[in-house]
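Undergrad: Pasting a structure here, questions to come.
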Amino acid sequence: MRFDAFTTVQEQVDTSPKVSDEVKTTTCYMCACRCGIKVHIKDGRVRYIEGNRDHPVNKGVLCGKGSAGIMTQYSPARLRKPLKRVGERGAGEFVEIEWEEALRLATQWLSELRWRDPKKLAFFTGRDQSQALTGFWAKEFGTPNYAAHGGFCSVNMAAAGLYSIGGSFWEFGEPDWEHTRYFVMFGVAEDHASNPIKIGLGKLKGRPAAHRAKFLSINPVRTGYSAIADEWLGVRPGSDGLFVLALIHELLKADKIDLDYLVRYTNAPWLVIRAPGTAQDGLFARNDEGQPLAWDKRTSAPASAYEPDLNPALVGEVTLADGRRAVPVFQLMAERYLDPRYSPEAVAEATGIPADTTRRIAAELAHAAFAQEIRLDIPWTDWLGRRHDHVIGRPVSMHAMRGISAHSNGFHTCRAIHLLQMLLGSIDCPGGFRHKPPYPKPVPPAPLPAGHALEMKPGEPLGGMPLGFPTGPENLLVDPDGTARRIDKAFSWEAPLAAHGLMHMVIANAWAGDPYPIDVLFLYMANMSWNSAMNSAGTMKMLADKDPETGRYKIPHIIYADAYASEMVAYADLVFPDTTYLERHDCISLLDRPISDADGCADAIRQPVLQPDRDVRPFQDVLIDLGARLGLPGFTRPDGQPRYPGFYADYIVNHERRPGIGPLAGWRGAQGEKIGRGEVNPKQLDAYKANGCFWRHELEPHQRYYRFANADYLRWATQMGFLDRAEPIHMQIYSEVLQKFRQAAAGHGRLQPPDAHRERIATYFDPLPFWYRPLEQETTAGAAFPLHAITQRPMAMYHSWGSQNAWLRQIHGENKLFINRRTGEALGLADEDWVWIVSPYGRVKAPIKLMEGVEEHTVWTWNAIGKRKSAWNLSPEAPESQHGFLLNHVISQLLPPKPDGHRYSNSDPVTGQAAWYDLKVRLEKCAPAEAGLTEPQFPAAKPIPGAPRRPKLLRYGAAFRGRKEKVR
Ligand code: SF4
């Protein structure tokens with residue numbers, strides 16, 4: 001008899017014992033992926049957290065962080081009551097106060113500002129999942145100085161995608177894991193899209209041999225996902241764009257591109273005016289209706305590029321009716337990338353990737369896209385009404401994240417990746433990269449950023465949302481002399497397309513009063529004095545710095561909201577203690593960053609599964625309360641009463657951004673019978689809770705591909721409120737928006753950059769993707785600082801949040817500097833030696849480890865493990881502060897001065913994305929006496945009043961097994 005372990009062994013283990021009194025569904029918040037969870041509760045405490053098998057994001061999968069949510073819930077680092085500073089800033093001397101006093105104080109500070117000069121409030125949030133609310137609140141207050149953490153995370157990724165293909169990686173789209181045959185991953189941190197990517201990679205690895213898919217990882221470091229890649233290319237940091245352009249060079253040379261796709265869905269045939277020296281140069285030729293023109297080969301005449309049966313020319317200079325000369329975008333592109341400077345040989349040294357490898361990868365991509373073409377018999381209709389009986393798939397998919405984004409050339413590198421996908425015809429097709437509703441959006445999407453002088457009036461809401469997508473210099477938020485109107489200088493000539501703001505510049509600019517001083521800095525879960533700051537030590541000084549003449553702090557008031565005693569708490573004047581994610585309502589909204597997938601549209605909520613045992617309130621409730629106390633129109637009724645007396649749960653159900661469109665799309669309409677657009681349903685939250693705290697609508701098969709041109713999808717997206725009109729979305733190989741900025745720099749138009757910024761705008765606003773050496777490396781290249789220094793985010797931690805979690809701390813309680821073994825040995829270094837990591841801005845001391853899986857010119861460490869002594873209610877001897885370190889101390893928020901003395905921020909010149917990964921360093925071996933303690937060290941802040949005793953050994957769960965919980 002054949003042995004079968006599952007049928008022949010009598011199973012003695014009860015795999016599903018009843019462990020709880022009650023099970024409640026909600027959404028995980030231990031990282032940004034927003035998996036569905038089931039929380040098992042016994043005697044009012046969490047017994048166990050499991051993944052929700054019905055949930056569209058994780059389908060039951062729960063990662064280590066998610067299950068360790070228990071220890072985040074019961075962390076000794078939780079804040080317990082509102083706090084008011086009584087000592088000097090930074091000393092951590094507070095008294096506990098009642099909520100009424102805290103809210104009255106905040107209302108007093110904010111109310112005065114609102115009626116005097118609302119932009120003197122800077123309101124910035126961290127990895128906030130309620131940006132649809134926080135952004136709306138800022139608008140209603142009337143300040144343009146609002147953003148979440150995207151500017152120092154991955155705005156290059158978002159902006160480059162939205163200005164190119166109407167979507168992007170991460171929340172905006174995903175690989176078609178079912179059909180892809182070649183998956184390329186660039187610079188991905190393991191904490192982002194954690195479970196979805198693991199599930200996807202599992203699918204690739206589990207395929208039968210006949211349908212194998214290759215997984216290629218391009219990353220200077222081989223950790224996490226890269227460890228299971230079929231091939232790892234250890235690219236030099238900041239050179240990925242050059243490698244991608246070399247792939248494009250090879251594909252163009254071999255004619256391995258999808259011309260049909262380019263003609264139908266991109267602006268490849270659109271005509272670009274060639275009139276050097278004039279205001280029209282580089283703009284699209286358009287007809288009287290404003291439609292772009294292409295050259296129709298049948299009639300040998302220009303025609304609207306939107307005409308149905310056009311046979312457009314892709315090369316050749318043509319003469320328009322008015323005598324102007326023009327060339328198709330395709331020709332400009334081909335001319336640029338066929339240039340020998342993009343040949344595999346030419347890029348090999350800068351990228352560290354041998355020419356043969358580049359050539360082979362290009363051939364493999366072409367083979368997967370064209371020799372392994374997929375045909376699915378799914379009839380669909382395009383926007384011109386033409387019926388097609390099948391969809392073609394080019395099964396090459398890509399995903400990229402912070403390793404691309406966090407360089408000062410990240411915007412163009414990300415555009416280059418999208419260009420590569422367009423050339424292969426692999427966007428939103430079977431096997432390729434697929435959009436998630438509500439994407440794709442028009443390129444670029446609405447809205448425009450608000451904050452012009454005319455859009456701001458004391459006591460009134462801002463004329464629009466603070467963040468948006470400029471379409472030309474006329475949308476910048478600058479005064480007539482070119483001075484930035486926002487405190488972070490987003491949407492100014494220094495960072496024109498700063499769609500997520502520049503959070504890393506807020507404190508430095510506010511301290512310097514550049515472009516103006518502020519009165520109140522209001523932060524929510526943003527650890528801005530520590531791991532969310534460049535130059536952390538300098539930032540702490542700025543937060544505590546006083547004006548010598550007045551004796552007042554340079555930033556007069558700081559309000560901070562967080563659930564935990566992070567390093568930032570010590571610098572606040574007023575602290576609002578937030579609940580944990582298991583104690584509140586939340587809304588993962590389609591107005592913000594939803595949880596859709598390529599085949600369906602989805603959103604979700606959190607519900608309180610536990611009652612707080614401390615005097616804390618959900619920050620969203622506090623914000624709504626403050627809005628009502630301040631009399632903000634969006635938060636008060638005409639009679640002056642609060643508009644949402646039931647706080648956030650009330651707002652989620654009853655707020656309408658536009659008629660019929662609110663934070664949640666599911667179960668709208670009086671009876672819950674509508675989706676997307678519909679009247680308020682008072683029982684909407686009940687419907688979500690009954691459905692596991694999420695809603696999902698599956699698209700019909702004929703709506704799932706080529707959505708930028710799919711009539712049925714575009715109609716549906718318009719009904720849902722995702723689009724204003726059911727019009728096609730043309731992907732932009734060549735960006736006219738960028739060219740408009742360039743033309744302004746060349747002296748054309750009413751709005752031009754001040755002379756000091758002209759050259760920078762002219763250089764970086766290239767309408768076609770290009771590669772340049774990261775800005776800081778221009779000044780720190782060479783022998784003095786020969787090594788790139790970057791960080792990786794571990795799978796087991798999410799930013800600094802994991803550091804108070806007793807279970808996760810056992811995985812990453814300290815960090816080392818990892819060095820390529822050959823490089824380390826050449827420097828005379830061995831495992832566990834200690835080194836000084838020296839940059840032009842300072843030095844950090846750390847232990848090292850040698851390894852093979854890192855590019856030879858690169859050193860790296862885990863991010864956000866190092867902690868300030870005693871922060872997070874950790875012991876002063878905690879390994880995080882003794883043996884943990886941050887590279888932030890040796891990164892400057894400003895680039896070196898230009899000849900005229902001006903210092904630009906250490907950011908991408910197009911989007912303002914913080915360029916964390918441009919850092920260059922050298923290593924100096926420590927003397928034996930210097931080993932043992934990381935540096936710099938800072939004095940411990942005083943214990944927070946009311947903080948619980950810090951046990952030496954923190955355990956959880958023994959009591960559930962009938963043993964007494966032992967805490968020593
Ligand atoms: S991947 Fe993130 S959201 Fe999902 S279970 Fe893990 S920590 Fe929670």
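Ligands are numbered from 1 in the order shown, residues from 1 within each chain, and chains are lettered A, B, ... in the order they appear in the structure tokens.
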Please provide as a list of chain:residue names all residues within 8 Å of stretch 291-299 of chain A, with the sequence filter that same-chain residues fewer than 5 positions apart are discarded (counting only C-alpha atoms).

TA: A:Pro269, A:Trp270, A:Leu271, A:Phe284, A:Ala285, A:Arg286, A:Ser304, A:Ala305, A:Tyr306, A:Leu310, A:Asn311, A:Pro312, A:Ala313, A:Val318, A:Pro328

Undergrad: Please dump the current selection as a PDB file, in the first residue's frame; keep N, CA, C and O atoms.

TA:
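The result, written out as result-v6.pdb:
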ATOM      1  N   PRO A 269       3.403  58.422 -32.283  1.00  0.00           N
ATOM      2  CA  PRO A 269       3.265  59.069 -33.604  1.00  0.00           C
ATOM      3  C   PRO A 269       3.010  60.577 -33.539  1.00  0.00           C
ATOM      4  O   PRO A 269       2.961  61.217 -34.583  1.00  0.00           O
ATOM      5  N   TRP A 270       2.809  61.128 -32.363  1.00  0.00           N
ATOM      6  CA  TRP A 270       2.470  62.554 -32.277  1.00  0.00           C
ATOM      7  C   TRP A 270       3.642  63.395 -32.801  1.00  0.00           C
ATOM      8  O   TRP A 270       4.811  63.076 -32.556  1.00  0.00           O
ATOM      9  N   LEU A 271       3.267  64.476 -33.458  1.00  0.00           N
ATOM     10  CA  LEU A 271       4.293  65.325 -34.072  1.00  0.00           C
ATOM     11  C   LEU A 271       4.774  66.387 -33.090  1.00  0.00           C
ATOM     12  O   LEU A 271       3.983  67.085 -32.456  1.00  0.00           O
ATOM     13  N   PHE A 284       3.812  69.852 -28.898  1.00  0.00           N
ATOM     14  CA  PHE A 284       3.113  69.053 -29.895  1.00  0.00           C
ATOM     15  C   PHE A 284       2.428  69.967 -30.905  1.00  0.00           C
ATOM     16  O   PHE A 284       1.864  71.020 -30.535  1.00  0.00           O
ATOM     17  N   ALA A 285       2.456  69.564 -32.171  1.00  0.00           N
ATOM     18  CA  ALA A 285       1.647  70.253 -33.187  1.00  0.00           C
ATOM     19  C   ALA A 285       0.194  69.847 -32.937  1.00  0.00           C
ATOM     20  O   ALA A 285      -0.101  68.660 -32.717  1.00  0.00           O
ATOM     21  N   ARG A 286      -0.706  70.807 -32.929  1.00  0.00           N
ATOM     22  CA  ARG A 286      -2.112  70.521 -32.610  1.00  0.00           C
ATOM     23  C   ARG A 286      -3.027  71.147 -33.646  1.00  0.00           C
ATOM     24  O   ARG A 286      -2.677  72.135 -34.292  1.00  0.00           O
ATOM     25  N   SER A 304      -5.555  64.514 -37.095  1.00  0.00           N
ATOM     26  CA  SER A 304      -5.646  64.344 -35.649  1.00  0.00           C
ATOM     27  C   SER A 304      -5.118  62.962 -35.264  1.00  0.00           C
ATOM     28  O   SER A 304      -5.478  61.955 -35.884  1.00  0.00           O
ATOM     29  N   ALA A 305      -4.277  62.936 -34.253  1.00  0.00           N
ATOM     30  CA  ALA A 305      -3.728  61.652 -33.799  1.00  0.00           C
ATOM     31  C   ALA A 305      -4.817  60.751 -33.239  1.00  0.00           C
ATOM     32  O   ALA A 305      -4.586  59.572 -32.986  1.00  0.00           O
ATOM     33  N   TYR A 306      -6.011  61.300 -33.017  1.00  0.00           N
ATOM     34  CA  TYR A 306      -7.112  60.502 -32.460  1.00  0.00           C
ATOM     35  C   TYR A 306      -7.989  59.881 -33.559  1.00  0.00           C
ATOM     36  O   TYR A 306      -8.964  59.205 -33.255  1.00  0.00           O
ATOM     37  N   LEU A 310      -6.040  55.884 -38.784  1.00  0.00           N
ATOM     38  CA  LEU A 310      -4.810  56.573 -39.149  1.00  0.00           C
ATOM     39  C   LEU A 310      -3.697  55.555 -39.427  1.00  0.00           C
ATOM     40  O   LEU A 310      -3.617  54.518 -38.785  1.00  0.00           O
ATOM     41  N   ASN A 311      -2.871  55.861 -40.413  1.00  0.00           N
ATOM     42  CA  ASN A 311      -1.670  55.061 -40.651  1.00  0.00           C
ATOM     43  C   ASN A 311      -0.491  56.012 -40.455  1.00  0.00           C
ATOM     44  O   ASN A 311       0.047  56.564 -41.397  1.00  0.00           O
ATOM     45  N   PRO A 312      -0.112  56.244 -39.199  1.00  0.00           N
ATOM     46  CA  PRO A 312       0.805  57.359 -38.931  1.00  0.00           C
ATOM     47  C   PRO A 312       2.266  57.039 -39.228  1.00  0.00           C
ATOM     48  O   PRO A 312       2.709  55.902 -39.066  1.00  0.00           O
ATOM     49  N   ALA A 313       2.962  58.067 -39.643  1.00  0.00           N
ATOM     50  CA  ALA A 313       4.413  57.937 -39.817  1.00  0.00           C
ATOM     51  C   ALA A 313       5.064  57.968 -38.444  1.00  0.00           C
ATOM     52  O   ALA A 313       4.653  58.728 -37.571  1.00  0.00           O
ATOM     53  N   VAL A 318       8.519  66.335 -41.237  1.00  0.00           N
ATOM     54  CA  VAL A 318       7.447  66.751 -42.151  1.00  0.00           C
ATOM     55  C   VAL A 318       7.237  68.261 -42.037  1.00  0.00           C
ATOM     56  O   VAL A 318       7.686  68.891 -41.081  1.00  0.00           O
ATOM     57  N   PRO A 328       7.870  62.978 -35.577  1.00  0.00           N
ATOM     58  CA  PRO A 328       7.137  62.163 -34.601  1.00  0.00           C
ATOM     59  C   PRO A 328       7.993  61.891 -33.355  1.00  0.00           C
ATOM     60  O   PRO A 328       9.223  61.836 -33.435  1.00  0.00           O
TER      61      PRO A 328
END

Undergrad: Taking only stretch 76-241 of chain A into account, list the residues labelled strand (DSSP E or B) by DSSP (computed from the backbone), as an NGL selection string.

TA: :A and (78 or 83-85 or 94-96 or 121-125 or 146-147 or 173-175 or 182-186 or 214-218 or 221 or 231-233)

Undergrad: Which value, in Å to one decimal, gives the distance between atom CA of A:Gly932 and atom CA of A:Ile891?

TA: 23.2 Å

Undergrad: When you draw a straight line from atom CA of A:Gln607 to atom CA of A:Phe635, how long is it in Å?

TA: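 Separating atom CA of A:Gln607 from atom CA of A:Phe635 is a distance of 21.9 Å.
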
Undergrad: With only C-alpha atoms and all ligand atoms counted, collect every polymer residue having an atom within 7 Å of ligand 1; state the result as a PDB file with N, CA, C and O atoms, in the first residue's frame.

TA:
ATOM      1  N   CYS A  28      -4.851  44.952   8.930  1.00  0.00           N
ATOM      2  CA  CYS A  28      -3.541  45.068   9.566  1.00  0.00           C
ATOM      3  C   CYS A  28      -2.925  46.438   9.277  1.00  0.00           C
ATOM      4  O   CYS A  28      -3.175  47.042   8.236  1.00  0.00           O
ATOM      5  N   TYR A  29      -2.094  46.910  10.214  1.00  0.00           N
ATOM      6  CA  TYR A  29      -1.371  48.176  10.010  1.00  0.00           C
ATOM      7  C   TYR A  29       0.059  48.016  10.521  1.00  0.00           C
ATOM      8  O   TYR A  29       0.666  48.949  10.989  1.00  0.00           O
ATOM      9  N   MET A  30       0.556  46.775  10.435  1.00  0.00           N
ATOM     10  CA  MET A  30       1.941  46.583  10.869  1.00  0.00           C
ATOM     11  C   MET A  30       2.900  46.923   9.734  1.00  0.00           C
ATOM     12  O   MET A  30       4.105  46.942   9.918  1.00  0.00           O
ATOM     13  N   CYS A  31       2.369  47.116   8.524  1.00  0.00           N
ATOM     14  CA  CYS A  31       3.130  47.744   7.459  1.00  0.00           C
ATOM     15  C   CYS A  31       2.100  48.372   6.533  1.00  0.00           C
ATOM     16  O   CYS A  31       0.929  48.506   6.899  1.00  0.00           O
ATOM     17  N   ALA A  32       2.512  48.734   5.341  1.00  0.00           N
ATOM     18  CA  ALA A  32       1.627  49.503   4.469  1.00  0.00           C
ATOM     19  C   ALA A  32       0.734  48.653   3.575  1.00  0.00           C
ATOM     20  O   ALA A  32      -0.050  49.178   2.792  1.00  0.00           O
ATOM     21  N   CYS A  33       0.817  47.318   3.682  1.00  0.00           N
ATOM     22  CA  CYS A  33       0.117  46.481   2.694  1.00  0.00           C
ATOM     23  C   CYS A  33      -1.380  46.355   2.920  1.00  0.00           C
ATOM     24  O   CYS A  33      -2.118  46.047   2.026  1.00  0.00           O
ATOM     25  N   ARG A  34      -1.807  46.529   4.145  1.00  0.00           N
ATOM     26  CA  ARG A  34      -3.227  46.539   4.495  1.00  0.00           C
ATOM     27  C   ARG A  34      -3.913  45.191   4.245  1.00  0.00           C
ATOM     28  O   ARG A  34      -4.947  45.084   3.591  1.00  0.00           O
ATOM     29  N   CYS A  35      -3.302  44.148   4.795  1.00  0.00           N
ATOM     30  CA  CYS A  35      -3.884  42.808   4.698  1.00  0.00           C
ATOM     31  C   CYS A  35      -5.097  42.703   5.606  1.00  0.00           C
ATOM     32  O   CYS A  35      -5.180  43.362   6.646  1.00  0.00           O
ATOM     33  N   GLY A  51      -4.557  35.645   9.337  1.00  0.00           N
ATOM     34  CA  GLY A  51      -4.911  36.287   8.078  1.00  0.00           C
ATOM     35  C   GLY A  51      -6.331  35.933   7.678  1.00  0.00           C
ATOM     36  O   GLY A  51      -6.809  34.825   7.943  1.00  0.00           O
ATOM     37  N   ASN A  58      -4.393  39.692   0.926  1.00  0.00           N
ATOM     38  CA  ASN A  58      -3.483  38.647   1.415  1.00  0.00           C
ATOM     39  C   ASN A  58      -4.056  37.245   1.355  1.00  0.00           C
ATOM     40  O   ASN A  58      -3.320  36.278   1.538  1.00  0.00           O
ATOM     41  N   VAL A  61      -2.860  35.013   3.971  1.00  0.00           N
ATOM     42  CA  VAL A  61      -1.441  35.018   4.329  1.00  0.00           C
ATOM     43  C   VAL A  61      -1.195  36.095   5.377  1.00  0.00           C
ATOM     44  O   VAL A  61      -1.682  37.214   5.254  1.00  0.00           O
ATOM     45  N   LEU A  62      -0.455  35.758   6.395  1.00  0.00           N
ATOM     46  CA  LEU A  62      -0.102  36.730   7.428  1.00  0.00           C
ATOM     47  C   LEU A  62       1.412  36.651   7.617  1.00  0.00           C
ATOM     48  O   LEU A  62       1.957  35.568   7.768  1.00  0.00           O
ATOM     49  N   CYS A  63       2.076  37.789   7.594  1.00  0.00           N
ATOM     50  CA  CYS A  63       3.530  37.752   7.762  1.00  0.00           C
ATOM     51  C   CYS A  63       3.884  37.846   9.238  1.00  0.00           C
ATOM     52  O   CYS A  63       3.017  38.033  10.099  1.00  0.00           O
ATOM     53  N   GLY A  64       5.183  37.740   9.520  1.00  0.00           N
ATOM     54  CA  GLY A  64       5.643  37.786  10.907  1.00  0.00           C
ATOM     55  C   GLY A  64       5.261  39.083  11.604  1.00  0.00           C
ATOM     56  O   GLY A  64       4.901  39.090  12.786  1.00  0.00           O
ATOM     57  N   LYS A  65       5.337  40.184  10.870  1.00  0.00           N
ATOM     58  CA  LYS A  65       4.971  41.471  11.468  1.00  0.00           C
ATOM     59  C   LYS A  65       3.496  41.471  11.850  1.00  0.00           C
ATOM     60  O   LYS A  65       3.113  41.929  12.929  1.00  0.00           O
ATOM     61  N   GLY A  66       2.682  40.967  10.929  1.00  0.00           N
ATOM     62  CA  GLY A  66       1.244  40.995  11.164  1.00  0.00           C
ATOM     63  C   GLY A  66       0.853  40.217  12.405  1.00  0.00           C
ATOM     64  O   GLY A  66       0.044  40.680  13.221  1.00  0.00           O
ATOM     65  N   SER A  67       1.449  39.024  12.576  1.00  0.00           N
ATOM     66  CA  SER A  67       1.070  38.250  13.764  1.00  0.00           C
ATOM     67  C   SER A  67       1.665  38.852  15.027  1.00  0.00           C
ATOM     68  O   SER A  67       1.129  38.676  16.122  1.00  0.00           O
ATOM     69  N   ALA A 193       4.575  46.263  -0.273  1.00  0.00           N
ATOM     70  CA  ALA A 193       3.835  45.226  -0.987  1.00  0.00           C
ATOM     71  C   ALA A 193       4.278  43.853  -0.501  1.00  0.00           C
ATOM     72  O   ALA A 193       4.406  42.916  -1.272  1.00  0.00           O
ATOM     73  N   SER A 194       4.493  43.763   0.781  1.00  0.00           N
ATOM     74  CA  SER A 194       5.142  42.594   1.359  1.00  0.00           C
ATOM     75  C   SER A 194       4.407  41.296   1.035  1.00  0.00           C
ATOM     76  O   SER A 194       4.912  40.447   0.303  1.00  0.00           O
ATOM     77  N   ASN A 195       3.197  41.126   1.556  1.00  0.00           N
ATOM     78  CA  ASN A 195       2.491  39.882   1.279  1.00  0.00           C
ATOM     79  C   ASN A 195       2.092  39.726  -0.183  1.00  0.00           C
ATOM     80  O   ASN A 195       2.253  38.640  -0.743  1.00  0.00           O
TER      81      ASN A 195
END

Undergrad: I'd like to know which of A:Pro56, A:Gly464, A:Gly69, A:Gly660 is closest to A:Leu582, using only C-alpha atoms.

TA: A:Gly69

Undergrad: Quick one: residues within 8 Å of stretch 485-494 of chain A, only C-alpha atoms, excluding same-chain residues fewer than 3 positions away - as number ranges by chain?

TA: A: 119, 122, 144-145, 449, 451-452, 470, 475-479, 482, 497-499, 501-503, 505-506, 509-510, 514-516, 753, 757, 761, 904, 909-910, 912

Undergrad: Could you pull the residues within 7 Å of A:Lys867, counting only C-alpha atoms, minus those fewer than 3 positions along the same chain, as a list in words?

TA: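 Near neighbours after the sequence-gap exclusion: Ala871, Glu880, Ser881 and Gly884 of chain A.
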
Undergrad: Quick one: everything within 10 Å of A:Leu338, counting only C-alpha atoms, minus sequence neighbours fewer than 6 positions away in the same chain. Send it as a PyMOL selection string.

TA: chain A and resi 245-246+248-253

Undergrad: Write a file of the just-selected residues containing N, CA, C and O atoms, as a compact mmCIF listing (two decimals), in the first residue's frame.

TA:
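So out11.txt came out as:
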# COMPACT_ATOMS: atom_id res chain seq x y z
N LEU A 245 18.30 52.23 -20.10
CA LEU A 245 18.41 52.88 -21.41
C LEU A 245 19.29 52.05 -22.35
O LEU A 245 19.07 52.05 -23.57
N ALA A 246 20.24 51.32 -21.79
CA ALA A 246 21.04 50.42 -22.64
C ALA A 246 20.18 49.25 -23.14
O ALA A 246 20.33 48.80 -24.29
N ILE A 248 17.03 49.52 -23.75
CA ILE A 248 16.21 50.15 -24.80
C ILE A 248 17.03 50.29 -26.08
O ILE A 248 16.55 50.01 -27.19
N HIS A 249 18.30 50.68 -25.94
CA HIS A 249 19.20 50.78 -27.09
C HIS A 249 19.25 49.45 -27.85
O HIS A 249 19.09 49.41 -29.07
N GLU A 250 19.41 48.38 -27.10
CA GLU A 250 19.51 47.06 -27.73
C GLU A 250 18.19 46.64 -28.40
O GLU A 250 18.19 46.09 -29.49
N LEU A 251 17.09 46.91 -27.75
CA LEU A 251 15.79 46.52 -28.32
C LEU A 251 15.50 47.32 -29.59
O LEU A 251 14.99 46.77 -30.58
N LEU A 252 15.84 48.60 -29.57
CA LEU A 252 15.62 49.41 -30.78
C LEU A 252 16.51 48.91 -31.91
O LEU A 252 16.09 48.79 -33.06
N LYS A 253 17.75 48.61 -31.55
CA LYS A 253 18.70 48.15 -32.57
C LYS A 253 18.23 46.85 -33.20
O LYS A 253 18.34 46.64 -34.41
